[in-house]
Amino acid sequence: MQVKDYIQALTDDNLIRVEKIGSGNWYWSFTSDTKKSKENMIQKLKDEESKLLATIAEAEMQIEEEMTRRRDDDEMLEDDGMDRQALIEAHQALVKENAALEKELALYSDSDPAEVRRKVEAAGKLCESALRWTDNLEALEAFLISVTGDRAQVGEVMLRACGDDNESQPLPRWTQVPSGTSNS
């Protein structure tokens with residue numbers, strides 16, 4: 001570490017002061033500044049400690065309130081002939097049963113009329129989207145042919161832009177299945 005770097009590090013840490021007087025730099029440090037910075041640091045740490053102690057006291061108070069409330073709840077439950085552990089076990093059993101019923105319900109979704117209707121509508125939207133993009137590609141191809149006048153060049157451009165899906169032949173037209181009917 002060079003002297004210049006060491007001086008810069010001390011200046012950055014506010015351990016020394018620098019003043020440019022004329023063509024030279026003057027460096028100095030007062031012990032009162034060091035003492036003042038240490039006292040400020042101590043005060044900040046004491047403030048932080050008091051905040052943390054207040055937070056701890058508040059948390060302990062909340063814990064005590066919760067423990068009191070639970071004791072009251074336990075006494076009330078014991079009067080009914082149940083305890084907290086039995087209720088927790090019953091809750092876990094109900095959660096497991098609910099998960100099993102959800103799985104069973106998911107198995108019946110293939111026959112659910114609402115689910116079938118939703119799938120038909122989704123397929124119709126996808127079909128409309130495919131037709132719209134087919135029309136867009138065909139319109140683009142017709143525009144490029146009218147601009148360039150060269151079908152081969154347009155075919156190459158379309159091949160580069162669209163990949164193998166567009167092999168200079170029109171895209172197939174799909175017929176939309178009317179909603180509520182099946183294709184079988």
# chains A, B, ... in the order shown; residues from 1 in each chain; ligands from 1
>>> select_by_dssp(residues="chain A", states="alpha helix (DSSP H)", output="number ranges by chain")
A: 3-12, 31-79, 84-107, 113-148, 151-162
>>> residues_around(residues="Gln153 (chain A)", least_positions_apart="6", cutoff="10 Å", atoms="only C-alpha atoms", output="list in words")
Leu144, Ile145 and Leu159 of chain A
>>> residues_around(residues="region 87-97 of chain A", least_positions_apart="4", cutoff="12 Å", atoms="only C-alpha atoms", output="VMD selection string")
chain A and resid 73 to 74 77 to 78 80 to 83 101 to 104
>>> write_last_selection(atoms="N, CA and C atoms", output="PDB file, in the first residue's frame")
ATOM      1  N   ASP A  73     -58.455 -20.451  26.567  1.00  0.00           N
ATOM      2  CA  ASP A  73     -59.067 -21.308  25.544  1.00  0.00           C
ATOM      3  C   ASP A  73     -58.996 -22.773  25.949  1.00  0.00           C
ATOM      4  N   ASP A  74     -57.842 -23.181  26.504  1.00  0.00           N
ATOM      5  CA  ASP A  74     -57.694 -24.574  26.928  1.00  0.00           C
ATOM      6  C   ASP A  74     -58.691 -24.913  28.036  1.00  0.00           C
ATOM      7  N   LEU A  77     -62.019 -25.310  26.413  1.00  0.00           N
ATOM      8  CA  LEU A  77     -62.097 -26.561  25.662  1.00  0.00           C
ATOM      9  C   LEU A  77     -62.206 -27.759  26.594  1.00  0.00           C
ATOM     10  N   GLU A  78     -61.484 -27.714  27.719  1.00  0.00           N
ATOM     11  CA  GLU A  78     -61.560 -28.824  28.666  1.00  0.00           C
ATOM     12  C   GLU A  78     -62.963 -28.942  29.257  1.00  0.00           C
ATOM     13  N   ASP A  80     -65.578 -28.448  27.578  1.00  0.00           N
ATOM     14  CA  ASP A  80     -66.344 -29.132  26.533  1.00  0.00           C
ATOM     15  C   ASP A  80     -65.852 -30.557  26.312  1.00  0.00           C
ATOM     16  N   GLY A  81     -64.801 -30.968  27.005  1.00  0.00           N
ATOM     17  CA  GLY A  81     -64.289 -32.323  26.879  1.00  0.00           C
ATOM     18  C   GLY A  81     -63.272 -32.484  25.754  1.00  0.00           C
ATOM     19  N   MET A  82     -62.676 -31.397  25.269  1.00  0.00           N
ATOM     20  CA  MET A  82     -61.668 -31.478  24.203  1.00  0.00           C
ATOM     21  C   MET A  82     -60.431 -30.712  24.664  1.00  0.00           C
ATOM     22  N   ASP A  83     -59.302 -31.028  24.045  1.00  0.00           N
ATOM     23  CA  ASP A  83     -58.101 -30.244  24.321  1.00  0.00           C
ATOM     24  C   ASP A  83     -57.481 -29.781  23.001  1.00  0.00           C
ATOM     25  N   LEU A 101     -60.408 -35.311  -1.376  1.00  0.00           N
ATOM     26  CA  LEU A 101     -61.636 -34.979  -2.105  1.00  0.00           C
ATOM     27  C   LEU A 101     -61.353 -34.062  -3.292  1.00  0.00           C
ATOM     28  N   GLU A 102     -60.402 -33.142  -3.140  1.00  0.00           N
ATOM     29  CA  GLU A 102     -60.020 -32.270  -4.260  1.00  0.00           C
ATOM     30  C   GLU A 102     -59.442 -33.096  -5.407  1.00  0.00           C
ATOM     31  N   LYS A 103     -58.609 -34.093  -5.067  1.00  0.00           N
ATOM     32  CA  LYS A 103     -58.044 -34.968  -6.108  1.00  0.00           C
ATOM     33  C   LYS A 103     -59.151 -35.754  -6.808  1.00  0.00           C
ATOM     34  N   GLU A 104     -60.082 -36.274  -6.031  1.00  0.00           N
ATOM     35  CA  GLU A 104     -61.186 -37.036  -6.604  1.00  0.00           C
ATOM     36  C   GLU A 104     -62.043 -36.149  -7.506  1.00  0.00           C
TER      37      GLU A 104
END
>>> atom_distance(atom1="CA of Gly155 (chain A)", atom2="CA of Glu141 (chain A)")
8.2 Å
>>> residues_around(residues="Asp13 (chain A)", least_positions_apart="4", cutoff="12 Å", atoms="only C-alpha atoms", output="count of residues only")
8
>>> closest_residue(among="A:Asn14, A:Ile56, A:Lys125, A:Glu156", to="Lys38 (chain A)", atoms="only C-alpha atoms")
A:Asn14
>>> select_by_dssp(residues="region 11-180 of chain A", states="strand (DSSP E or B)", output="PyMOL selection string")
chain A and resi 17-21+24-28
